[in-house]
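Structure file final-v8.cif (mmCIF, C-alpha atoms) is printed below.
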data_data
loop_
_atom_site.label_atom_id
_atom_site.label_comp_id
_atom_site.auth_asym_id
_atom_site.auth_seq_id
_atom_site.Cartn_x
_atom_site.Cartn_y
_atom_site.Cartn_z
CA MET A 1272 -7.39 -14.75 23.57
CA GLY A 1273 -3.81 -14.60 24.81
CA GLU A 1274 -2.31 -14.34 21.33
CA THR A 1275 1.07 -12.67 20.75
CA TYR A 1276 2.32 -11.37 17.41
CA SER A 1277 5.28 -9.44 16.09
CA TYR A 1278 4.38 -5.94 14.95
CA TYR A 1279 5.70 -3.78 12.10
CA PRO A 1280 4.54 -0.17 12.67
CA GLY A 1281 5.58 1.38 9.32
CA CYS A 1282 6.30 5.07 8.80
CA THR A 1283 2.67 6.27 8.79
CA SER A 1284 2.11 4.93 12.33
CA HIS A 1285 3.80 8.13 13.57
CA SER A 1286 2.23 10.46 11.01
CA THR A 1287 -0.87 10.23 8.82
CA ALA A 1288 -2.25 7.03 10.42
CA ILE A 1289 -1.91 7.89 14.12
CA GLU A 1290 -5.62 7.35 14.84
CA TYR A 1291 -5.59 4.01 12.95
CA ILE A 1292 -2.79 2.67 15.12
CA GLU A 1293 -4.34 3.95 18.36
CA ALA A 1294 -7.74 2.49 17.48
CA SER A 1295 -6.20 -0.83 16.43
CA LYS A 1296 -4.24 -1.09 19.68
CA ALA A 1297 -7.34 -0.26 21.76
CA VAL A 1298 -9.31 -2.97 19.97
CA MET A 1299 -6.53 -5.52 20.37
CA ASP A 1300 -6.33 -4.73 24.08
CA SER A 1301 -10.03 -5.58 24.33
CA LEU A 1302 -9.48 -8.84 22.45
CA GLY A 1303 -6.41 -9.79 24.51
CA ILE A 1304 -4.09 -9.73 21.51
CA GLU A 1305 -0.53 -8.67 22.32
CA LEU A 1306 1.82 -7.03 19.82
CA LYS A 1307 5.60 -6.92 20.15
CA GLU A 1308 7.27 -4.32 17.94
CA LEU A 1309 10.18 -5.69 15.88
CA ASP A 1310 13.57 -5.05 17.47
CA ASP A 1311 14.54 -2.98 14.41
CA TRP A 1312 12.66 -1.96 11.26
CA CYS A 1313 13.03 0.27 8.24
CA CYS A 1314 10.67 1.73 5.66
CA CYS A 1315 9.33 -0.97 3.30
CA GLY A 1316 10.19 1.29 0.34
CA ALA A 1317 6.49 2.11 -0.28
CA ALA A 1318 5.83 2.76 -3.98
CA SER A 1319 9.10 4.60 -4.48
CA ALA A 1320 11.68 1.82 -4.09
CA HIS A 1321 10.10 -0.57 -6.60
CA ASN A 1322 9.52 2.28 -9.05
CA LEU A 1323 13.27 2.90 -9.19
CA SER A 1324 14.83 -0.48 -8.35
CA SER A 1325 13.26 -3.88 -7.72
CA SER A 1326 16.35 -5.06 -5.86
CA LEU A 1327 16.21 -2.05 -3.50
CA ALA A 1328 12.50 -2.77 -2.87
CA LEU A 1329 13.18 -6.43 -2.16
CA GLY A 1330 16.16 -5.57 0.07
CA LEU A 1331 14.28 -3.04 2.22
CA SER A 1332 11.20 -5.24 2.65
CA SER A 1333 13.37 -8.28 3.37
CA PHE A 1334 15.21 -6.37 6.13
CA ASN A 1335 11.88 -6.33 8.00
CA VAL A 1336 10.77 -9.82 7.02
CA GLY A 1337 14.17 -11.06 8.22
CA GLU A 1338 13.61 -9.38 11.61
CA ALA A 1339 10.23 -11.13 11.81
CA HIS A 1340 11.81 -14.51 11.03
CA LYS A 1341 14.36 -13.86 13.81
CA ALA A 1342 11.52 -13.07 16.25
CA GLY A 1343 9.69 -16.24 15.15
CA ALA A 1344 6.03 -15.08 15.38
CA ASP A 1345 3.57 -14.04 12.67
CA LEU A 1346 4.04 -10.38 11.73
CA VAL A 1347 1.11 -7.95 11.93
CA ILE A 1348 1.35 -5.06 9.42
CA PRO A 1349 -1.43 -2.45 9.75
CA CYS A 1350 -0.52 -0.33 6.69
CA ALA A 1351 -1.84 -1.97 3.51
CA GLY A 1352 1.08 -0.70 1.41
CA CYS A 1353 3.68 -2.04 3.84
CA TYR A 1354 1.74 -5.30 4.05
CA GLY A 1355 1.82 -5.68 0.26
CA ASN A 1356 5.56 -5.08 0.09
CA LEU A 1357 6.51 -7.35 3.01
CA ALA A 1358 4.15 -10.12 1.86
CA GLN A 1359 5.75 -9.88 -1.59
CA ALA A 1360 9.24 -10.28 -0.08
CA ASN A 1361 8.09 -13.26 2.01
CA TYR A 1362 6.54 -14.75 -1.15
CA VAL A 1363 9.87 -14.44 -2.98
CA MET A 1364 11.66 -16.15 -0.07
CA ARG A 1365 9.10 -18.96 -0.06
CA ASN A 1366 9.28 -19.61 -3.80
CA ASP A 1367 12.81 -18.72 -4.91
CA GLU A 1368 15.43 -20.68 -3.04
CA GLU A 1369 18.40 -18.92 -4.60
CA GLU A 1370 17.07 -15.47 -3.67
CA ARG A 1371 16.16 -16.71 -0.21
CA GLN A 1372 19.69 -17.95 0.47
CA ARG A 1373 21.16 -14.68 -0.79
CA LEU A 1374 18.84 -12.64 1.44
CA GLU A 1375 19.43 -14.87 4.49
CA LYS A 1376 23.16 -14.36 4.14
CA GLN A 1377 22.99 -10.62 3.46
CA LEU A 1378 20.50 -9.90 6.25
CA ASP A 1379 21.70 -12.51 8.73
CA PHE A 1380 18.52 -14.48 9.47
CA THR A 1381 17.20 -18.01 9.00
CA TYR A 1382 14.02 -18.37 6.95
CA ASN A 1383 11.12 -19.78 8.96
CA ALA A 1384 8.31 -21.18 6.80
CA ASN A 1385 5.85 -20.86 9.70
CA VAL A 1386 6.14 -17.07 9.96
CA LYS A 1387 3.29 -15.40 8.07
CA MET A 1388 2.74 -11.78 7.06
CA LEU A 1389 -0.69 -10.60 8.26
CA SER A 1390 -2.65 -7.50 7.39
CA LEU A 1391 -4.82 -6.15 10.19
CA VAL A 1392 -7.83 -7.56 8.34
CA ASP A 1393 -6.14 -11.01 8.27
CA LEU A 1394 -5.67 -10.71 12.03
CA LEU A 1395 -8.99 -9.24 13.18
CA ALA A 1396 -11.52 -10.46 10.59
CA ARG A 1397 -10.91 -14.15 11.29
CA GLU A 1398 -13.93 -16.42 11.54
CA GLU A 1399 -12.87 -17.68 14.98
CA LEU A 1400 -12.77 -14.15 16.42
CA ARG A 1401 -16.37 -13.35 15.48
CA PRO A 1402 -17.99 -14.58 18.73
CA ALA A 1403 -15.49 -12.59 20.85
CA ILE A 1404 -16.04 -9.46 18.74
CA LYS A 1405 -19.84 -9.74 18.96
CA GLU A 1406 -19.58 -10.17 22.70
CA LEU A 1407 -17.49 -6.98 23.05
CA VAL A 1408 -20.06 -4.81 21.24
CA LYS A 1409 -21.47 -2.42 23.86
CA LYS A 1410 -23.12 0.02 21.46
CA PRO A 1411 -24.22 -1.64 18.21
CA LEU A 1412 -23.73 0.63 15.17
CA LYS A 1413 -27.47 0.41 14.44
CA GLY A 1414 -28.86 2.54 11.64
CA LEU A 1415 -25.43 3.39 10.30
CA LYS A 1416 -25.15 2.70 6.57
CA VAL A 1417 -21.60 1.80 5.55
CA VAL A 1418 -19.75 0.87 2.38
CA CYS A 1419 -16.56 -1.16 2.86
CA TYR A 1420 -13.59 -0.19 0.73
CA TYR A 1421 -10.65 -2.60 0.41
CA GLY A 1422 -8.48 -0.85 -2.20
CA CYS A 1423 -5.50 -2.61 -3.76
CA ALA A 1424 -2.74 -3.88 -1.53
CA ILE A 1425 -4.55 -6.19 0.91
CA VAL A 1426 -6.41 -7.77 -2.02
CA ARG A 1427 -4.05 -8.04 -5.00
CA PRO A 1428 -2.23 -10.07 -6.26
CA ALA A 1429 -4.15 -13.08 -4.89
CA ALA A 1430 -1.09 -15.36 -5.02
CA ILE A 1431 0.51 -13.10 -2.41
CA THR A 1432 -2.47 -11.95 -0.33
CA GLY A 1433 -4.30 -15.29 -0.32
CA VAL A 1434 -7.63 -13.45 -0.82
CA ASP A 1435 -10.12 -15.83 -2.43
CA ASP A 1436 -12.43 -13.28 -4.06
CA THR A 1437 -10.40 -10.39 -5.44
CA GLU A 1438 -13.43 -8.71 -7.05
CA ASN A 1439 -15.78 -8.92 -4.08
CA PRO A 1440 -13.95 -9.39 -0.77
CA LEU A 1441 -16.29 -9.65 2.20
CA ARG A 1442 -14.23 -9.79 5.39
CA ILE A 1443 -14.69 -6.14 6.46
CA ASP A 1444 -18.37 -6.28 5.37
CA THR A 1445 -18.98 -9.29 7.63
CA MET A 1446 -17.28 -7.57 10.54
CA MET A 1447 -19.25 -4.33 10.12
CA ALA A 1448 -22.48 -6.38 10.09
CA ASP A 1449 -21.32 -8.09 13.30
CA LEU A 1450 -20.89 -4.62 14.84
CA GLY A 1451 -24.54 -3.89 14.00
CA ALA A 1452 -24.04 -1.59 11.00
CA GLU A 1453 -26.11 -1.77 7.83
CA VAL A 1454 -23.65 -2.87 5.16
CA ILE A 1455 -24.41 -1.74 1.62
CA ASP A 1456 -23.26 -3.74 -1.39
CA TRP A 1457 -21.64 -1.47 -3.96
CA SER A 1458 -19.32 -1.37 -6.99
CA CYS A 1459 -16.04 0.23 -5.94
CA LYS A 1460 -14.70 -2.05 -3.17
CA VAL A 1461 -11.46 -2.87 -4.93
CA ASP A 1462 -11.01 0.20 -7.15
CA CYS A 1463 -7.71 2.06 -6.84
CA CYS A 1464 -8.05 5.52 -5.19
CA GLY A 1465 -4.81 6.77 -6.79
CA GLY A 1466 -3.16 7.35 -3.41
CA ASP A 1467 0.32 6.88 -4.86
CA LEU A 1468 -0.36 9.79 -7.22
CA GLY A 1469 -1.52 12.16 -4.51
CA LEU A 1470 1.68 14.19 -4.41
CA THR A 1471 2.38 14.27 -8.15
CA ASP A 1472 -1.02 14.56 -9.86
CA ALA A 1473 -3.71 15.96 -7.58
CA GLU A 1474 -6.17 16.38 -10.43
CA LYS A 1475 -6.09 12.74 -11.54
CA THR A 1476 -6.20 11.55 -7.92
CA SER A 1477 -9.30 13.66 -7.27
CA GLU A 1478 -10.94 12.14 -10.35
CA LEU A 1479 -10.38 8.59 -8.99
CA VAL A 1480 -11.49 9.60 -5.47
CA ASN A 1481 -14.61 11.34 -6.76
CA LYS A 1482 -15.71 8.27 -8.71
CA ILE A 1483 -15.50 6.18 -5.53
CA ILE A 1484 -17.39 8.80 -3.50
CA ASP A 1485 -20.04 9.25 -6.26
CA TYR A 1486 -20.82 5.52 -6.04
CA ALA A 1487 -20.78 5.53 -2.22
CA VAL A 1488 -23.14 8.52 -2.08
CA ALA A 1489 -25.44 6.98 -4.72
CA ALA A 1490 -25.57 3.83 -2.55
CA GLU A 1491 -26.74 6.18 0.26
CA ALA A 1492 -23.83 5.36 2.55
CA ASP A 1493 -23.29 7.46 5.70
CA CYS A 1494 -19.57 6.70 5.66
CA LEU A 1495 -16.85 4.68 3.95
CA VAL A 1496 -14.83 2.14 5.97
CA THR A 1497 -11.32 1.08 5.00
CA SER A 1498 -8.18 -0.61 6.32
CA CYS A 1499 -5.60 1.22 4.19
CA ALA A 1500 -3.80 4.23 5.68
CA LEU A 1501 -2.96 5.73 2.30
CA CYS A 1502 -6.54 5.30 0.99
CA GLU A 1503 -7.99 6.82 4.17
CA ALA A 1504 -5.79 9.91 3.97
CA ASN A 1505 -6.21 10.29 0.21
CA ILE A 1506 -9.99 9.86 0.12
CA ASP A 1507 -10.56 11.96 3.25
CA ILE A 1508 -8.44 14.90 2.05
CA ARG A 1509 -9.81 15.14 -1.50
CA GLN A 1510 -13.59 15.37 -0.96
CA GLN A 1511 -16.10 16.98 1.42
CA ARG A 1512 -19.08 14.67 1.03
CA LEU A 1513 -18.45 11.60 3.22
CA PRO A 1514 -16.57 10.73 6.44
CA ILE A 1515 -13.89 8.06 5.94
CA LEU A 1516 -13.16 5.72 8.85
CA TYR A 1517 -10.72 2.94 9.64
CA PHE A 1518 -12.41 -0.39 10.37
CA THR A 1519 -10.73 -0.52 13.78
CA GLU A 1520 -12.18 2.91 14.65
CA MET A 1521 -15.62 1.40 13.96
CA MET A 1522 -14.76 -1.53 16.22
CA ALA A 1523 -13.57 0.86 18.96
CA GLU A 1524 -16.80 2.87 18.66
CA ALA A 1525 -18.91 -0.29 18.95
CA PHE A 1526 -16.76 -1.54 21.87
CA GLN A 1527 -16.81 2.00 23.39
CA VAL A 1528 -13.04 1.91 23.99
CA GLY A 1529 -10.17 4.29 23.24
CA ASP A 1530 -9.86 8.05 22.90
CA ARG A 1531 -12.38 8.31 20.06
CA SER A 1532 -13.26 12.00 20.25
CA ARG A 1533 -9.57 12.82 19.78
CA TRP A 1534 -9.32 10.51 16.72
CA TRP A 1535 -12.35 12.12 15.08
CA LYS A 1536 -10.53 15.48 15.20
CA LYS A 1537 -7.72 14.01 13.10
CA HIS A 1538 -10.08 13.40 10.18
CA PHE A 1539 -10.78 15.97 7.46
CA ASN A 1540 -14.50 15.04 7.23
CA ASP A 1541 -15.73 15.00 10.85
CA PRO A 1542 -17.16 11.56 11.68
CA SER A 1543 -18.43 12.55 15.18
CA LYS A 1544 -21.92 13.37 13.89
CA LEU A 1545 -22.37 9.70 12.89
CA PHE A 1546 -22.28 8.36 16.44
CA MET B 1486 17.72 -6.13 -29.82
CA ALA B 1487 14.12 -7.34 -29.67
CA GLU B 1488 15.19 -10.45 -27.86
CA ASN B 1489 17.44 -8.54 -25.49
CA LEU B 1490 14.64 -6.36 -24.14
CA LEU B 1491 12.16 -9.22 -23.87
CA GLN B 1492 14.69 -11.49 -22.18
CA LYS B 1493 15.73 -8.80 -19.73
CA VAL B 1494 12.15 -7.87 -18.77
CA VAL B 1495 11.13 -11.54 -18.43
CA ALA B 1496 14.19 -12.22 -16.25
CA GLU B 1497 13.56 -9.22 -14.00
CA SER B 1498 9.77 -9.43 -13.76
CA LYS B 1499 9.51 -13.24 -13.89
CA GLN B 1500 6.32 -12.85 -15.94
CA PRO B 1501 5.32 -14.99 -18.98
CA ILE B 1502 5.05 -12.00 -21.34
CA ASN B 1503 4.96 -14.18 -24.46
CA HIS B 1504 1.65 -15.66 -23.32
CA CYS B 1505 -0.14 -12.33 -23.91
CA TYR B 1506 -2.70 -12.80 -26.72
CA GLN B 1507 -4.10 -9.25 -26.76
CA CYS B 1508 -7.49 -9.85 -25.10
CA ARG B 1509 -7.17 -6.28 -23.69
CA LYS B 1510 -8.73 -7.13 -20.35
CA CYS B 1511 -5.82 -5.26 -18.72
CA SER B 1512 -6.63 -2.05 -20.55
CA VAL B 1513 -10.38 -2.23 -19.88
CA GLY B 1514 -9.85 -2.29 -16.11
CA CYS B 1515 -6.90 0.11 -15.88
CA PRO B 1516 -7.83 3.17 -13.74
CA MET B 1517 -4.99 5.17 -15.32
CA ILE B 1518 -5.66 4.33 -18.97
CA ASP B 1519 -6.59 7.93 -19.90
CA GLU B 1520 -3.09 9.06 -18.90
CA PHE B 1521 -1.21 6.33 -20.82
CA ASP B 1522 0.30 7.08 -24.24
CA PHE B 1523 0.31 3.32 -24.93
CA PRO B 1524 -2.38 1.19 -23.22
CA PRO B 1525 -1.14 -1.77 -21.14
CA ASN B 1526 -1.98 -4.37 -23.80
CA MET B 1527 0.11 -2.40 -26.30
CA VAL B 1528 2.97 -2.18 -23.80
CA MET B 1529 2.95 -6.00 -23.66
CA ARG B 1530 3.17 -6.21 -27.47
CA MET B 1531 5.92 -3.57 -27.58
CA VAL B 1532 7.97 -5.59 -25.07
CA GLN B 1533 7.49 -8.70 -27.20
CA LEU B 1534 8.65 -6.76 -30.27
CA GLY B 1535 11.60 -5.15 -28.46
CA MET B 1536 10.48 -1.53 -28.91
CA LYS B 1537 12.84 -0.33 -26.23
CA ASP B 1538 13.28 3.34 -27.14
CA GLU B 1539 9.55 3.97 -27.37
CA LEU B 1540 8.90 2.19 -24.09
CA LEU B 1541 11.64 3.84 -22.05
CA LYS B 1542 10.55 7.28 -23.28
CA SER B 1543 6.84 6.53 -22.72
CA LYS B 1544 4.54 8.18 -20.24
CA ALA B 1545 2.79 4.82 -19.69
CA ILE B 1546 5.61 3.36 -17.59
CA TRP B 1547 5.38 6.26 -15.11
CA MET B 1548 1.57 6.51 -15.08
CA CYS B 1549 1.17 2.88 -13.96
CA ILE B 1550 0.51 2.99 -10.20
CA SER B 1551 0.91 -0.75 -9.61
CA CYS B 1552 -2.68 -1.27 -8.45
CA GLU B 1553 -2.40 -4.84 -9.84
CA THR B 1554 -5.94 -4.77 -11.28
CA CYS B 1555 -4.66 -5.85 -14.71
CA GLY B 1556 -2.52 -8.68 -13.38
CA THR B 1557 -5.36 -9.97 -11.21
CA ARG B 1558 -7.74 -10.14 -14.18
CA CYS B 1559 -5.27 -11.41 -16.82
CA PRO B 1560 -6.38 -14.83 -18.16
CA ASN B 1561 -2.69 -15.69 -18.66
CA GLU B 1562 -1.70 -14.61 -15.14
CA ILE B 1563 0.73 -11.97 -16.37
CA ARG B 1564 1.34 -9.32 -13.70
CA ILE B 1565 2.07 -6.07 -15.54
CA ALA B 1566 3.20 -4.13 -12.44
CA PRO B 1567 6.62 -5.88 -12.15
CA ILE B 1568 7.04 -5.52 -15.92
CA MET B 1569 6.58 -1.74 -15.51
CA ASP B 1570 9.12 -1.83 -12.64
CA SER B 1571 11.68 -3.37 -14.98
CA LEU B 1572 11.00 -0.77 -17.71
CA ARG B 1573 11.15 2.15 -15.23
CA ALA B 1574 14.46 0.94 -13.80
CA GLN B 1575 15.90 0.63 -17.31
CA CYS B 1576 14.77 4.18 -18.11
CA ILE B 1577 16.62 5.56 -15.07
CA ASP B 1578 19.67 3.28 -15.26
CA GLU B 1579 20.23 4.04 -18.95
CA GLY B 1580 19.94 7.80 -18.49
CA VAL B 1581 16.81 8.18 -20.64
CA VAL B 1582 14.94 11.41 -19.88
CA PRO B 1583 11.75 10.20 -18.12
CA ALA B 1584 8.44 11.33 -19.64
CA ASP B 1585 7.25 12.25 -16.15
CA PRO B 1586 10.15 13.85 -14.23
CA VAL B 1587 7.89 14.95 -11.34
CA THR B 1588 7.09 11.35 -10.40
CA VAL B 1589 10.78 10.47 -10.57
CA ALA B 1590 11.56 13.48 -8.33
CA LEU B 1591 9.12 12.22 -5.70
CA HIS B 1592 10.44 8.65 -5.72
CA THR B 1593 14.03 9.90 -5.57
CA ALA B 1594 13.31 12.21 -2.61
CA PHE B 1595 11.48 9.33 -0.91
CA ILE B 1596 14.28 6.78 -1.17
CA GLU B 1597 16.84 9.42 -0.16
CA SER B 1598 14.87 9.88 3.05
CA ILE B 1599 15.05 6.11 3.68
CA LYS B 1600 18.79 6.18 2.94
CA THR B 1601 19.26 8.92 5.55
CA PHE B 1602 16.97 7.72 8.34
CA GLY B 1603 16.01 4.14 7.43
CA ARG B 1604 12.45 5.47 7.52
CA VAL B 1605 10.59 8.24 5.80
CA HIS B 1606 10.53 11.64 7.48
CA GLU B 1607 7.65 13.37 5.76
CA ALA B 1608 8.62 17.01 6.41
CA THR B 1609 12.17 16.83 5.00
CA MET B 1610 11.16 14.39 2.24
CA LEU B 1611 8.45 16.79 1.03
CA MET B 1612 10.84 19.74 1.05
CA SER B 1613 13.36 17.75 -0.99
CA TYR B 1614 10.63 16.70 -3.45
CA LYS B 1615 9.41 20.29 -3.85
CA TRP B 1616 12.96 21.42 -4.50
CA LYS B 1617 13.66 18.66 -7.05
CA SER B 1618 10.37 19.16 -8.91
CA LYS B 1619 10.50 22.99 -8.65
CA ASN B 1620 6.85 22.78 -7.69
CA PHE B 1621 6.64 24.85 -4.52
CA THR B 1622 3.00 25.77 -4.20
CA SER B 1623 0.81 22.71 -4.91
CA ASP B 1624 -0.91 21.00 -1.97
CA LEU B 1625 0.54 23.44 0.60
CA ASP B 1626 -2.92 23.74 2.16
CA VAL B 1627 -3.13 19.95 2.57
CA GLY B 1628 0.33 19.88 4.18
CA LEU B 1629 -0.69 22.61 6.61
CA LYS B 1630 -3.94 20.85 7.53
CA LEU B 1631 -2.07 17.58 8.13
CA PHE B 1632 0.46 19.43 10.27
CA LEU B 1633 -2.31 21.06 12.34
CA ARG B 1634 -3.81 17.60 12.95
CA GLY B 1635 -0.48 16.41 14.36
CA LYS B 1636 0.18 14.19 11.34
CA ILE B 1637 3.52 15.58 10.15
CA PRO B 1638 6.09 15.00 12.91
CA LEU B 1639 8.94 17.51 13.17
CA LEU B 1640 11.62 15.13 14.37
CA PRO B 1641 12.75 12.12 12.32
CA LYS B 1642 13.01 8.63 13.83
CA LYS B 1643 15.88 6.40 12.74
CA SER B 1644 16.32 2.68 12.24
CA LYS B 1645 18.99 1.10 14.46
CA ASN B 1646 21.04 -0.78 11.88
CA MET B 1647 21.76 2.05 9.43
CA ALA B 1648 24.94 0.29 8.27
CA LYS B 1649 22.88 -2.61 6.91
CA ILE B 1650 20.39 -0.27 5.25
CA LYS B 1651 23.23 1.61 3.52
CA GLU B 1652 24.55 -1.77 2.36
CA ILE B 1653 21.14 -2.64 0.83
CA PHE B 1654 21.23 0.69 -1.06
CA LYS B 1655 24.81 0.09 -2.21
CA GLU B 1656 24.03 -3.40 -3.46
CA SER B 1657 21.10 -2.10 -5.51
CA GLY B 1658 23.27 0.64 -7.02
CA LYS B 1659 21.19 3.46 -5.49
#
Could you quickly redo this structure as structure tokens?
Amino acid sequence: MGETYSYYPGCTSHSTAIEYIEASKAVMDSLGIELKELDDWCCCGAASAHNLSSSLALGLSSFNVGEAHKAGADLVIPCAGCYGNLAQANYVMRNDEEERQRLEKQLDFTYNANVKMLSLVDLLAREELRPAIKELVKKPLKGLKVVCYYGCAIVRPAAITGVDDTENPLRIDTMMADLGAEVIDWSCKVDCCGGDLGLTDAEKTSELVNKIIDYAVAAEADCLVTSCALCEANIDIRQQRLPILYFTEMMAEAFQVGDRSRWWKKHFNDPSKLF
Amino acid sequence: MAENLLQKVVAESKQPINHCYQCRKCSVGCPMIDEFDFPPNMVMRMVQLGMKDELLKSKAIWMCISCETCGTRCPNEIRIAPIMDSLRAQCIDEGVVPADPVTVALHTAFIESIKTFGRVHEATMLMSYKWKSKNFTSDLDVGLKLFLRGKIPLLPKKSKNMAKIKEIFKESGK
């Protein structure tokens, strides 16, 4: 494809989401997509900054958005939480001229209306990539029943994410079907898994996770596929009924690329028996 | 007083709170509703009426996890998540004892980690959170399992421009 993008790793790229990042990079190598890490980046503030101070949240996210505007290419953000925060900051810059000028001055960058914030789903589940993806499939995921789980941050709010159907998004579903999997329609695609509560209220988080898994199991899914690093960790850790996979791990399995057996060992529910 | 709270929350959240006509769609879809002392639709009415003390002392403002389900479904396009952000910040800034100090302990430990490294270093952040919340035993097994899977790095990684990050903290008063 020969496409080049800026890349914001986010804190989980070195910790809980290591296999997500490795799988995503392996898949992008296959597709000829090049990522250039931002010259400098900081934590987006996750849920904690905006819980305590909106201006801190906007400042931290804008630090990174500003770096992307300096680099001049669209910014790819694999973590759904980081994506939500950076897309929100870019939205503020696009719609609030006074704030934009203040941020440009404070963070020493010039706003570039062409620079977009992209989730990994925005990048990889594009209509025009479908032929290339189908062509790269070496081992179709035949017979594998999957439910696709989108969670919150890459979907809501629509004004920021640009998602056209916030109750029934289909982009990961379409991709999994292209990889040969049997995609099951189900009810909990955009439910919140309570990931932000994981460290403060394990009981409530387990309740939210178990509802999602109950529905996935009732739909007779073999596994749940997601693009959110916090959802993956949260849902994988808090139940023993279903393997949870990143959508780029599914792509890598279908493409037969990357160090997959090592990634499977990083999961709490072993996905190796699926393949 | 009533007007002060409403004006402040509208200014900070940029949401048309006065458009709320109590259809309760927000509360029907809220995944956290069982934990709220006041459901989201009631929070909207309390902001309109300026019930500041009750709101800042409420559990509801800390139980909202900003999933944005309510805002996405609101027929008046009111996003409640930024409204909760405004109320939470007022609770902390005005020295009100938060109804859920454990959540505040986590967020405080988290932003302190960013202030130190520019990024979050899970191991030291979790220790600081455990210390602040005096909750030393919960989820230790999960932490150990994550560590054994190579998911909790020992050494922190820093942003380059720490001076600018400290400036962002200073400007926000944190």
Exercise. Mind telling me what the PyMOL selection byres ((chain A and resi 1492) around 10) catches here, as a list in words?
Worked result: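 For this structure, the PyMOL selection byres ((chain A and resi 1492) around 10) captures Leu1415, Lys1416, Val1417, Val1418, Cys1419, Glu1453, Val1454, Ile1455, Asp1456, Trp1457, Ile1484, Tyr1486, Ala1487, Val1488, Ala1489, Ala1490, Glu1491, Asp1493, Cys1494, Leu1495, Leu1513 and Pro1514 of chain A.
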Could you please take those selected residues and save C-alpha atoms as a PDB file, keeping the file's coordinate frame?
ATOM      1  CA  LEU A1415     -25.430   3.390  10.300  1.00  0.00           C
ATOM      2  CA  LYS A1416     -25.150   2.700   6.570  1.00  0.00           C
ATOM      3  CA  VAL A1417     -21.600   1.800   5.550  1.00  0.00           C
ATOM      4  CA  VAL A1418     -19.750   0.870   2.380  1.00  0.00           C
ATOM      5  CA  CYS A1419     -16.560  -1.160   2.860  1.00  0.00           C
ATOM      6  CA  GLU A1453     -26.110  -1.770   7.830  1.00  0.00           C
ATOM      7  CA  VAL A1454     -23.650  -2.870   5.160  1.00  0.00           C
ATOM      8  CA  ILE A1455     -24.410  -1.740   1.620  1.00  0.00           C
ATOM      9  CA  ASP A1456     -23.260  -3.740  -1.390  1.00  0.00           C
ATOM     10  CA  TRP A1457     -21.640  -1.470  -3.960  1.00  0.00           C
ATOM     11  CA  ILE A1484     -17.390   8.800  -3.500  1.00  0.00           C
ATOM     12  CA  TYR A1486     -20.820   5.520  -6.040  1.00  0.00           C
ATOM     13  CA  ALA A1487     -20.780   5.530  -2.220  1.00  0.00           C
ATOM     14  CA  VAL A1488     -23.140   8.520  -2.080  1.00  0.00           C
ATOM     15  CA  ALA A1489     -25.440   6.980  -4.720  1.00  0.00           C
ATOM     16  CA  ALA A1490     -25.570   3.830  -2.550  1.00  0.00           C
ATOM     17  CA  GLU A1491     -26.740   6.180   0.260  1.00  0.00           C
ATOM     18  CA  ASP A1493     -23.290   7.460   5.700  1.00  0.00           C
ATOM     19  CA  CYS A1494     -19.570   6.700   5.660  1.00  0.00           C
ATOM     20  CA  LEU A1495     -16.850   4.680   3.950  1.00  0.00           C
ATOM     21  CA  LEU A1513     -18.450  11.600   3.220  1.00  0.00           C
ATOM     22  CA  PRO A1514     -16.570  10.730   6.440  1.00  0.00           C
TER      23      PRO A1514
END
For this session: Name the residues, using the chain letters and numbers of the file, that sit within 12 Å of (-7.4, 0.0, -21.5) when counting all atoms listed in the file, and give them as an NGL selection string.
Result: :B and (1507-1528 or 1545 or 1549 or 1554-1555)
Problem set entry | Contact residues around Asn1620 (chain B) with all atoms listed in the file at 12 Å, ignoring same-chain residues under 4 positions, as a PyMOL selection string | (chain A and resi 1470-1472) or (chain B and resi 1586-1588+1590-1591+1611-1616+1624-1625)
Compile a residue-level contact table for chain B against chain A at a cut-off of 8 Å, reporting for every qualifying residue the shortest atom pair and its distance in Å to one decimal, with all atoms listed in the file counted, rows ordered by chain and ascending number, as CSV.
residue,atom,partner,partner_atom,distance
B:Pro1516,CA,A:Cys1463,CA,7.0
B:Ile1550,CA,A:Asp1467,CA,6.6
B:Cys1552,CA,A:Cys1423,CA,5.6
B:Glu1553,CA,A:Arg1427,CA,6.0
B:Thr1554,CA,A:Arg1427,CA,7.3
B:Gly1556,CA,A:Pro1428,CA,7.3
B:Thr1557,CA,A:Pro1428,CA,5.9
B:Asp1570,CA,A:Asn1322,CA,5.5
B:Ser1571,CA,A:Ser1325,CA,7.4
B:Arg1573,CA,A:Asn1322,CA,6.4
B:Ala1574,CA,A:Leu1323,CA,5.1
B:Ile1577,CA,A:Leu1323,CA,7.3
B:Val1587,CA,A:Thr1471,CA,6.4
B:Thr1588,CA,A:Thr1471,CA,6.0
B:Leu1591,CA,A:Thr1471,CA,7.5
B:His1592,CA,A:Ser1319,CA,4.4
B:Thr1593,CA,A:Ser1319,CA,7.3
B:Phe1595,CA,A:Ser1319,CA,6.4
B:Ile1596,CA,A:Ala1320,CA,6.3
B:Ile1599,CA,A:Cys1314,CA,6.5
B:Gly1603,CA,A:Cys1313,CA,5.0
B:Arg1604,CA,A:Cys1314,CA,4.5
B:Val1605,CA,A:Cys1282,CA,6.1
B:His1606,CA,A:Cys1282,CA,7.9
B:Asp1624,CA,A:Leu1470,CA,7.7
B:Val1627,CA,A:Ile1508,CA,7.3
B:Leu1631,CA,A:Thr1287,CA,7.5
B:Arg1634,CA,A:Lys1537,CA,5.3
B:Gly1635,CA,A:Ser1286,CA,7.3
B:Lys1636,CA,A:Ser1286,CA,4.3
B:Ile1637,CA,A:Ser1286,CA,5.3
B:Pro1638,CA,A:Ser1286,CA,6.3
B:Ser1644,CA,A:Cys1313,CA,5.7
B:Lys1645,CA,A:Asp1311,CA,6.0
B:Asn1646,CA,A:Asp1311,CA,7.3
B:Lys1649,CA,A:Leu1378,CA,7.7
B:Ile1650,CA,A:Leu1331,CA,7.4
B:Ile1653,CA,A:Gly1330,CA,5.8
B:Phe1654,CA,A:Leu1327,CA,6.2
B:Glu1656,CA,A:Leu1327,CA,7.9
B:Ser1657,CA,A:Leu1327,CA,5.3
B:Lys1659,CA,A:Leu1327,CA,7.7
